[in-house]
Each structure stands twice: as C-alpha cells, then as structure tokens.
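> Provided herewith is a single structure, encoded as structure tokens, for subsequent inquiry.
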Amino acid sequence: MPLHSQSIARRLSRYVLLISAGMLLFTTILMGIFGRRAIIRITTEVAEKEVDLVAGNIDMLISEVELAVGNVDWFVQRGGMREQFMYDATRELVMSNPSIIGSAVAFEPYYFQGRRWFAPYSYIEKQTGEMHTIQMGNADYDYPTMDWYRVPKLFDRPVWSEPYFDEGGGSRRMATYSLPLKDTTGTFFGILTSDISLEGMSNRLKRITPYWDSYAVLVSARGTYIVHPDSSMVLKHSIFDTVSQMSDTTALTIAQNMLNSKKGSVRFHGNRNEDYFGVYRPISNGWSILLVNSYDSVFHYLSIFNVIMAIMAILGLIGLYVGCRNVIRRQMMPIVEFTQVSMTMAKGNFKARLPEVKRGEELQKLRDSMAFMQQSIREYIAELKTTTASNERYESELTIARDIQMSMLPQNFPNHPGCDLYAMVQPAKEVGGDLYDFIDVGDRVFFLVGDVSGKGVPAALFMAITRAAFRFIGALGLPINEVVRRVNDCLCDGNTNEMFVTLFAGCLNTSTGVMEFCNAGHNPIVIVAPDGSASFLRAKPNLAAGLFERFPYEAEQIRLEHGSRLIVYTDGVTEAERADKTQFGEQALLDWARKMNPSVSAKASTLDLYARVRHFTGDAEQNDDITIMSILLK
Amino acid sequence: MNVTITEEGAKALVKLEGRLDTTNADQFMKDITPLMNGTHEEIDVDCTDMEYTSSQGLRMFLMLQKNVSARRAKLVLRNMKPHVKEVFDITGFSHIINIV
C-alpha cells in the first residue's frame, strides 16, 4: 500500500516540478530578453561616456594648442620684426605648453628683413628632452613650397595637417597646427605652427577599455589612423582600408559619418559574424574617435551569470522536488491508512477502526463518508439477512407447496389388465396449474388432464380445487359429461377472479374399447392406431370449465381398437418455445407419434415425448407447465 | 405487446400487436382498464397483428367480455390470425366472445 502513496507523491511532485521549471524557464527567458536589452543599453551608455570623456580631453588639448598659437600670433604681430623675439616666441610656445613639442614661425620670402627664408623653429628632442632652436629655412628646405605652409595660406584659415612621421628633429609621429599670419592691413606674411606628439594620444586612448577586448582608434580628417591598437596601421592605413574589407556595410557608414564629424552608436558585424557595437565621436579639429566593443565580451559576464543561475535553479528544483515529495507523502499517510482499512473492510470486517484525522477538511470528509459507508453496509447486511431469511422461508414454503401439489397427482399407476397408463407433470415454476388424475373403476378407467389459466400459486390453488372436485365427482361413476358439468359448477362457485381450466375428461372401457369423453376447451388429444398411424381427435370444444355455471357440456364417444394409444397433453407441449420463439407445434407432435414404436410402454412413450420437447426447447426457460398422459389399450 | 386505444364516438377501437402471454398480461389488464370503467357501447378489437395468446390472455378477454355484457355493450374481435383463432376455438371461447 505505501507504494501507492509514494507514486502519488512522486507524480504530484513531478507536476509541481514541471510547472515550477516551466515558470522558471519563462521568467528566465523574459529576464534574458529584457536583461540583454538593459545590458546593451547600459554598456552603450558606459562606452559613450568614456568616449565622450576622452574626446573632451583631446578637444581640450586641441583647443589649448589653438589658443596658445592664437596668443603667439598676437605677440608676433605686435612684437615688431625683431629676430630674437621670433626665436623667443617659438621657445616660449614650446616651453609653456606641455602638449606642444615644436613650434615655428615661417615668414613669406623676403618679408622679414628682406630675407629669402626666415623660419625660427624650436623643438624638444625626443631622446634628451632638451629644447633646440634653429632657423630651418634654406635652399634644401624651401618651406614655402611645402604643404604645411601652402595649404593654410591657400585656404586662408588655420589647418591641422594630416598626421605624419617627422624625420627631422622630432623623429616621431606628430600633427601640425598651422595658423596663417596677417598684418593689420590683412596682408598674409607667414605661418605660425605648433606640433603635437601623437604618442600621447595613443596613451589617452588606451585608457578607454570599458570591456576586456574594447579598443579605440583615432582617425584624422581624411581617415588615416592616428591611433590604432596595431601600431603598424598608424599613418600607413586609413579606416577605409579596414572597412572596405568588411562585408557589413554599416562599417562603411560609420567611417563616412566619422569623416563628416558626426557622432553615433551603431551595432555591426565582423566578417566572421561577430557582434560588435561601435561608439564614435568627432574631435573639433575634424578627427574622430571610434570605440569598438565586442558583444561577446559584454555578454561574457551575462553567460557566467546565466550558468550560475541555471545551477542554482536546478539545485532549487531538486530541493523543491524532494521537499514536495516528502510533504505530500506525509500528507498522504492518512490515505494509506484509509486504504488499509478499506482492505480490511473488503475482507468482511465492517467494524474496522478508521484512522483519526487531525486536520484537512477533505480527509475529514473522507473519514465521515467511510464511517457512513461502514454504517450503511452494516445496516444493509442486517437487512439482507432478514430478507434472505424471509426469502428462504418463502422458498421452503413453495417447496413444501410443490411437494403437496405433486402428491395430489397420483404416482401409483394401475397395473390394469386392460390398459397401461402413465402420466407426468413438469411445472414451469415451483408450483403449476396443470393436473392429471385417473380413477380405476373396474373395467372402466376415468382419466382427466387439465390446464388452469395462468401459472404459479394462483393456478396451483385452482388446480387443487379442480383435482379435488374431479376426485370426488369422478368416483360417483356418472356419465363423463355429467362429471364435467358438476366439476364446472363446483369451480364456478365463488370464482371471482375469472380463473378457468381446460379439461379433457375420458372414460375408457378397456374391454370394449369404447371411450366416452368430454372436451372442455382442451387441446385435441392424439390417437395412435395399432398400425402406428396417428391423428388428432377433433372433439367438440364445449367451453373451458369455471366460466359459466350450468354450461351444457356434451359428451362424445369413440371406439378404439385394441393396441391403440391415447396421448393426452396440455399446451405446454405444443407451445413449448425455443429461444427464437418458435413453438414445438402440433405437427411435430404428430410426427413424433407416428415414428413411435406402437408397442412401447405408456411410461416410455411419456418420457420420450417429454425428452423430445426439452430437446426442442434447448436452453430456453420453460414457459408453461408441461403435462403428458399416455394410455395404451391392451 | 402493444395496445393502442382510440375512440370514435361511443365506439372504442383497440389495436393489439405482438404476443399476449403471462409476462405482459398484467400490463394488458392495466391498458384495458379504462375500457372496463368506460361507457363505450362497442369495443372493437383489431387482432390483425396479434401473434399469440396464452390462457392468461384468454382470461383477460373473458373478463372484458363479462364486463361488457354486464353493461349491455358489445365486444368484437376482428381479423384474428388462424393460429390465434384456433386457441379461442379449442378452449370454446369462440362461443362466448364475438369473433368476426
């Protein structure tokens, strides 16, 4: 029995487990979706802030340089055209601005004191950190033909050069800010430059690493890499070299936007379909910063978090399952006990003690209903015992009634010298309404076969009256129709239930073979001649007895050959039914009579006909009382 | 056994179908009780589809006949099948019940 509760506990726990797991999975998926979105938004914001910070720093640096150069411009114009002042101005610019590593004032040919080239230049030497000041213009270095000089002059505005590698005094990567110089009349007279080292930029950008594989690039206004994690790319390649090799066109858009000084945050894919997001910000001088982060690194932490979550969820579910099972099993204990009580009850002990239920309304109800069931069954059994007893009494009374009825029918058949007579009755129920009788009066034999309407006890009572009447009246030796008349009158007296009985009464003179008979609504009897030919004796039907008092029953007479046989029967023979409701019938009776050995005894022929009828009906329940009487006239 | 009773003025038309035997004789009795308590001048029984009657069935007809006679009404049984009619003939009921 405990096995059952276990299986229920296990099953219920499994349902709980499934539902919990389902809900957990659902919330995890929701959390995954929203969490991912939130993480994307947060990481984008973090990246944007970092890039903004660095871009701001670089912007500030650029502004400082531009401002410093602007201030010197003012001094140069007001300082008069003194040579030493020009040298000092470049030195001052470099010295007072840590970000400026070199500065020059380059004059238009022949403008400064009629000199062809005059360009004082101060710079900090990379190796020693010492400042040198030189005049760099000469025939070999004809600066007015150079881009850093010509471009700002041409555009008539300050210009930042493309980054370049300086092989002169600086020997490093740098970019140069060139400001056109004009006098008070607005006439162009030279260029003031400041160089900034790009090494410092790269250090600044390296600090932007919100995620472990983030990297930042700085590109010039034309897209050339100023800073790139791969230093071999710097100054040699532009961002377009990179994006032209990428299948995702978003990368190209990013590059174009950067060159157009736009800002943005965009998601794009690498050539191996890696997921990246890029944040780009313009610098005031036309440069642009791009921070690239891979989502793999962003979600790396999320993945670890998910694995931890999953392990915790599985542990939680196992705990839930075990806990559920134990709790349910404990809760089921009373049911196990109820089951045991049920088994005890099934074995017949209806007084088995029911388990006490402390809590739980349902179990209390179960206990109440089981208690009620015990009570009901006990009462029912008691009632059943009474009913059975009364049924047994009724049945035993019926058995006694049957014995009494059967004993009314004579069982001692006369060993008569002139005839052989045998008869039998087989009631359909315990008692029946068929009867036979015979009275041996010397060489005359009175005989009677009757069939009371209906069956059972009412028919049996009426049969008893009929038989008593015939026994009394038949013994008087009256003519047979008079016997039937008196029996009829006797039966009509007080017959309020309209019961009736069909009778065939005969008086056979065994020496002459003459038979007087009176048929009161009975089936035609069969006469089998000594040669074996059989036929029905079509007698005047008169009327069944018990219906109308003083009905004038008429007698008829027939002479039988010696060796003839009479078969008297009730309709239980001809109307015996099989399961398919077909009846034995008169023809079958005649056929049987014709095939019979004419010399066989009365008893043998009686039992043979009965056997034939029962064979015909097979398993079907007997539907009417069967009576057969056979008389062989010797 | 199926009993259908229709009325046509003072005449009751009864249609009998099937077998009338011990198992349904009581039901038949209940079915015809309204006729026994009624005031019909004629009870016309159509036996076209009647397949069988037992002696218990005959008793029912007899009771109906006696009831009808007592109030000077008429009972007629019509179109009876030969093998059913034979039962009425053998028992002599043909003498006391009008079968046409």
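Letters for chains follow the order of the structure tokens (A, B, ...), residue numbers begin at 1 for each chain, and ligand numbers begin at 1 in the order shown.
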Report as a list in words all protein, DNA and RNA residues lying within 10 Å of Phe61 of chain B, evaluated on only C-alpha atoms, omitting residues in the same chain fewer than 4 positions from it.

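Residues meeting the cut-off are Met29, Ile32, Ser55, Gln56, Gly57, Gln65, Lys66, Asn67, Leu75, Leu77, Phe93 and Ile97 of chain B.
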
> Please report as a list in words which residues of chain B come no farther than 9 Å from chain A, using only C-alpha atoms.

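Every residue meeting the condition is included here: Asp21, Thr22, Ser54, Ser55, Gln56, Gly57, Leu58, Arg59, Met60, Leu62, Met63, Val87, Phe88, Asp89, Ile90, Thr91, Gly92, Phe93, Ser94, His95 and Ile96 of chain B.
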
> Would you mind writing down, as a PyMOL selection string, each residue of segment 491-557 of chain A that DSSP on the backbone assigns to strand (DSSP E)?

chain A and resi 501-509+514-520+525-528+534-537+556-557

> Could you write those residues out with N, CA, C and O atoms, as an mmCIF file, in the first residue's frame?


data_model
loop_
_atom_site.group_PDB
_atom_site.id
_atom_site.type_symbol
_atom_site.label_atom_id
_atom_site.label_comp_id
_atom_site.auth_asym_id
_atom_site.auth_seq_id
_atom_site.Cartn_x
_atom_site.Cartn_y
_atom_site.Cartn_z
ATOM 1 N N VAL A 501 -60.194 -23.504 -16.266
ATOM 2 C CA VAL A 501 -59.336 -24.651 -16.523
ATOM 3 C C VAL A 501 -59.872 -25.395 -17.743
ATOM 4 O O VAL A 501 -61.068 -25.593 -17.881
ATOM 5 N N THR A 502 -58.974 -25.723 -18.664
ATOM 6 C CA THR A 502 -59.399 -26.545 -19.804
ATOM 7 C C THR A 502 -59.209 -27.994 -19.381
ATOM 8 O O THR A 502 -58.239 -28.334 -18.702
ATOM 9 N N LEU A 503 -60.154 -28.811 -19.748
ATOM 10 C CA LEU A 503 -60.132 -30.207 -19.291
ATOM 11 C C LEU A 503 -60.349 -31.154 -20.454
ATOM 12 O O LEU A 503 -61.112 -30.857 -21.378
ATOM 13 N N PHE A 504 -59.647 -32.247 -20.406
ATOM 14 C CA PHE A 504 -60.056 -33.382 -21.245
ATOM 15 C C PHE A 504 -60.347 -34.528 -20.291
ATOM 16 O O PHE A 504 -59.452 -35.032 -19.610
ATOM 17 N N ALA A 505 -61.613 -34.917 -20.258
ATOM 18 C CA ALA A 505 -62.025 -35.999 -19.357
ATOM 19 C C ALA A 505 -62.516 -37.170 -20.196
ATOM 20 O O ALA A 505 -63.246 -36.989 -21.165
ATOM 21 N N GLY A 506 -62.051 -38.341 -19.844
ATOM 22 C CA GLY A 506 -62.469 -39.505 -20.618
ATOM 23 C C GLY A 506 -62.822 -40.669 -19.713
ATOM 24 O O GLY A 506 -62.402 -40.733 -18.561
ATOM 25 N N CYS A 507 -63.609 -41.590 -20.266
ATOM 26 C CA CYS A 507 -63.931 -42.813 -19.546
ATOM 27 C C CYS A 507 -63.755 -43.958 -20.542
ATOM 28 O O CYS A 507 -64.497 -44.084 -21.509
ATOM 29 N N LEU A 508 -62.691 -44.740 -20.328
ATOM 30 C CA LEU A 508 -62.343 -45.784 -21.293
ATOM 31 C C LEU A 508 -62.784 -47.149 -20.765
ATOM 32 O O LEU A 508 -62.408 -47.558 -19.656
ATOM 33 N N ASN A 509 -63.602 -47.801 -21.584
ATOM 34 C CA ASN A 509 -63.987 -49.175 -21.244
ATOM 35 C C ASN A 509 -62.938 -50.081 -21.859
ATOM 36 O O ASN A 509 -62.854 -50.234 -23.076
ATOM 37 N N VAL A 514 -64.510 -48.857 -26.027
ATOM 38 C CA VAL A 514 -65.306 -47.647 -26.216
ATOM 39 C C VAL A 514 -64.857 -46.582 -25.220
ATOM 40 O O VAL A 514 -64.688 -46.860 -24.033
ATOM 41 N N MET A 515 -64.632 -45.383 -25.742
ATOM 42 C CA MET A 515 -64.245 -44.278 -24.859
ATOM 43 C C MET A 515 -65.269 -43.161 -24.978
ATOM 44 O O MET A 515 -65.546 -42.673 -26.059
ATOM 45 N N GLU A 516 -65.850 -42.819 -23.826
ATOM 46 C CA GLU A 516 -66.682 -41.627 -23.761
ATOM 47 C C GLU A 516 -65.768 -40.495 -23.329
ATOM 48 O O GLU A 516 -64.907 -40.678 -22.469
ATOM 49 N N PHE A 517 -65.967 -39.359 -23.907
ATOM 50 C CA PHE A 517 -65.097 -38.254 -23.496
ATOM 51 C C PHE A 517 -65.828 -36.934 -23.578
ATOM 52 O O PHE A 517 -66.827 -36.800 -24.301
ATOM 53 N N CYS A 518 -65.304 -35.973 -22.823
ATOM 54 C CA CYS A 518 -65.849 -34.620 -22.860
ATOM 55 C C CYS A 518 -64.667 -33.653 -22.876
ATOM 56 O O CYS A 518 -63.785 -33.702 -22.012
ATOM 57 N N ASN A 519 -64.682 -32.817 -23.879
ATOM 58 C CA ASN A 519 -63.583 -31.859 -24.013
ATOM 59 C C ASN A 519 -64.054 -30.480 -23.566
ATOM 60 O O ASN A 519 -64.932 -29.898 -24.172
ATOM 61 N N ALA A 520 -63.444 -29.969 -22.489
ATOM 62 C CA ALA A 520 -63.812 -28.622 -22.007
ATOM 63 C C ALA A 520 -62.700 -27.654 -22.399
ATOM 64 O O ALA A 520 -61.826 -27.314 -21.600
ATOM 65 N N ILE A 525 -56.612 -34.413 -28.385
ATOM 66 C CA ILE A 525 -55.692 -35.491 -27.999
ATOM 67 C C ILE A 525 -55.268 -36.238 -29.256
ATOM 68 O O ILE A 525 -55.867 -36.104 -30.323
ATOM 69 N N VAL A 526 -54.189 -37.024 -29.107
ATOM 70 C CA VAL A 526 -53.672 -37.784 -30.242
ATOM 71 C C VAL A 526 -54.037 -39.245 -30.048
ATOM 72 O O VAL A 526 -53.892 -39.791 -28.941
ATOM 73 N N ILE A 527 -54.543 -39.846 -31.123
ATOM 74 C CA ILE A 527 -54.824 -41.281 -31.080
ATOM 75 C C ILE A 527 -53.859 -41.972 -32.029
ATOM 76 O O ILE A 527 -53.761 -41.610 -33.210
ATOM 77 N N VAL A 528 -53.094 -42.924 -31.488
ATOM 78 C CA VAL A 528 -52.170 -43.680 -32.332
ATOM 79 C C VAL A 528 -52.760 -45.086 -32.519
ATOM 80 O O VAL A 528 -52.943 -45.829 -31.543
ATOM 81 N N ALA A 534 -51.168 -41.964 -36.722
ATOM 82 C CA ALA A 534 -51.582 -41.087 -35.622
ATOM 83 C C ALA A 534 -52.421 -39.940 -36.151
ATOM 84 O O ALA A 534 -52.198 -39.464 -37.264
ATOM 85 N N SER A 535 -53.391 -39.517 -35.346
ATOM 86 C CA SER A 535 -54.218 -38.380 -35.752
ATOM 87 C C SER A 535 -54.783 -37.702 -34.524
ATOM 88 O O SER A 535 -54.798 -38.265 -33.436
ATOM 89 N N PHE A 536 -55.191 -36.432 -34.723
ATOM 90 C CA PHE A 536 -55.837 -35.705 -33.624
ATOM 91 C C PHE A 536 -57.298 -36.107 -33.555
ATOM 92 O O PHE A 536 -57.944 -36.319 -34.574
ATOM 93 N N LEU A 537 -57.778 -36.194 -32.334
ATOM 94 C CA LEU A 537 -59.201 -36.446 -32.141
ATOM 95 C C LEU A 537 -59.872 -35.083 -32.045
ATOM 96 O O LEU A 537 -59.726 -34.366 -31.057
ATOM 97 N N GLU A 556 -68.942 -37.165 -26.095
ATOM 98 C CA GLU A 556 -68.870 -37.858 -27.381
ATOM 99 C C GLU A 556 -68.333 -39.245 -27.115
ATOM 100 O O GLU A 556 -67.900 -39.568 -26.011
ATOM 101 N N GLN A 557 -68.338 -40.029 -28.155
ATOM 102 C CA GLN A 557 -67.962 -41.426 -27.945
ATOM 103 C C GLN A 557 -67.156 -41.910 -29.136
ATOM 104 O O GLN A 557 -67.407 -41.513 -30.268
#

> Quick one: of B:Thr53, B:Thr48, B:Thr33, B:Thr4, who's nearest to Val68 of chain B, counting only C-alpha atoms?

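Smallest distance to Val68 of chain B is found for B:Thr33.
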
> For Arg19 of chain B, list every protein, DNA or RNA residue within 8 Å, evaluated using only C-alpha atoms, and leave out those in the same chain fewer than 2 positions away; present the list as a ChimeraX atom specification.

/B:1,17,21,50-53

> Convert the current residue selection to file output with N, CA and C atoms, as a CSV table (one decimal), in the first residue's frame.


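Listed below is the output, result-v9.csv:
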chain,number,residue,atom,x,y,z
B,1,MET,N,-45.9,-6.8,-26.7
B,1,MET,CA,-47.4,-6.5,-26.7
B,1,MET,C,-47.5,-5.0,-26.7
B,17,GLU,N,-51.0,-5.6,-30.9
B,17,GLU,CA,-49.9,-6.0,-31.7
B,17,GLU,C,-49.0,-6.9,-30.8
B,21,ASP,N,-48.9,-12.9,-23.4
B,21,ASP,CA,-48.6,-14.0,-22.6
B,21,ASP,C,-48.5,-13.7,-21.1
B,50,MET,N,-51.9,-9.5,-33.9
B,50,MET,CA,-51.7,-10.2,-32.7
B,50,MET,C,-51.1,-11.6,-33.0
B,51,GLU,N,-50.0,-11.9,-32.4
B,51,GLU,CA,-49.2,-13.1,-32.8
B,51,GLU,C,-49.6,-14.3,-32.0
B,52,TYR,N,-50.0,-14.1,-30.7
B,52,TYR,CA,-50.1,-15.3,-29.8
B,52,TYR,C,-50.9,-14.8,-28.6
B,53,THR,N,-51.7,-15.8,-28.0
B,53,THR,CA,-52.3,-15.5,-26.7
B,53,THR,C,-52.1,-16.8,-25.9

> Take atom CA of Val292 of chain A and atom CA of Val279 of chain A and report the distance between them in Å, one decimal.

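The value is 6.7 Å.
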
> Skipping near chain neighbours, those fewer than 4 positions away, what residues fall within 10 Å of segment 625-630 of chain A using only C-alpha atoms, listed as an MDAnalysis selection string?

chainID A and resid 420:429 431:437 447:452 454:456 525:527 565:576 601:607 609:610 613

> Could you name the residues that touch Thr39 of chain B at 9 Å or less, counting only C-alpha atoms, but leaving out those on the same chain fewer than 2 positions away, as a ChimeraX atom specification?

/B:10,35-37,41-42,71,73

> So which one's closest to Val341 of chain A, A:Gln374, A:Ser390, A:Asn273, A:Thr224? Using only C-alpha atoms, please.

A:Gln374

> Quick check, in Å to one decimal: how far apart do atom CA of Val72 of chain A and atom CA of Leu218 of chain A lie?

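If I compute the distance from atom CA of Val72 of chain A to atom CA of Leu218 of chain A, I get 28.2 Å.
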
> Mind checking which residues fall within 10 Å of segment 228-237 of chain A, counting only C-alpha atoms, ignoring those fewer than 4 positions away in the same chain, and posting them as JSON, numbers by chain?

{"A": [162, 163, 164, 165, 173, 174, 202, 205, 206, 215, 216, 217, 218, 219, 220, 223, 224, 241, 242]}
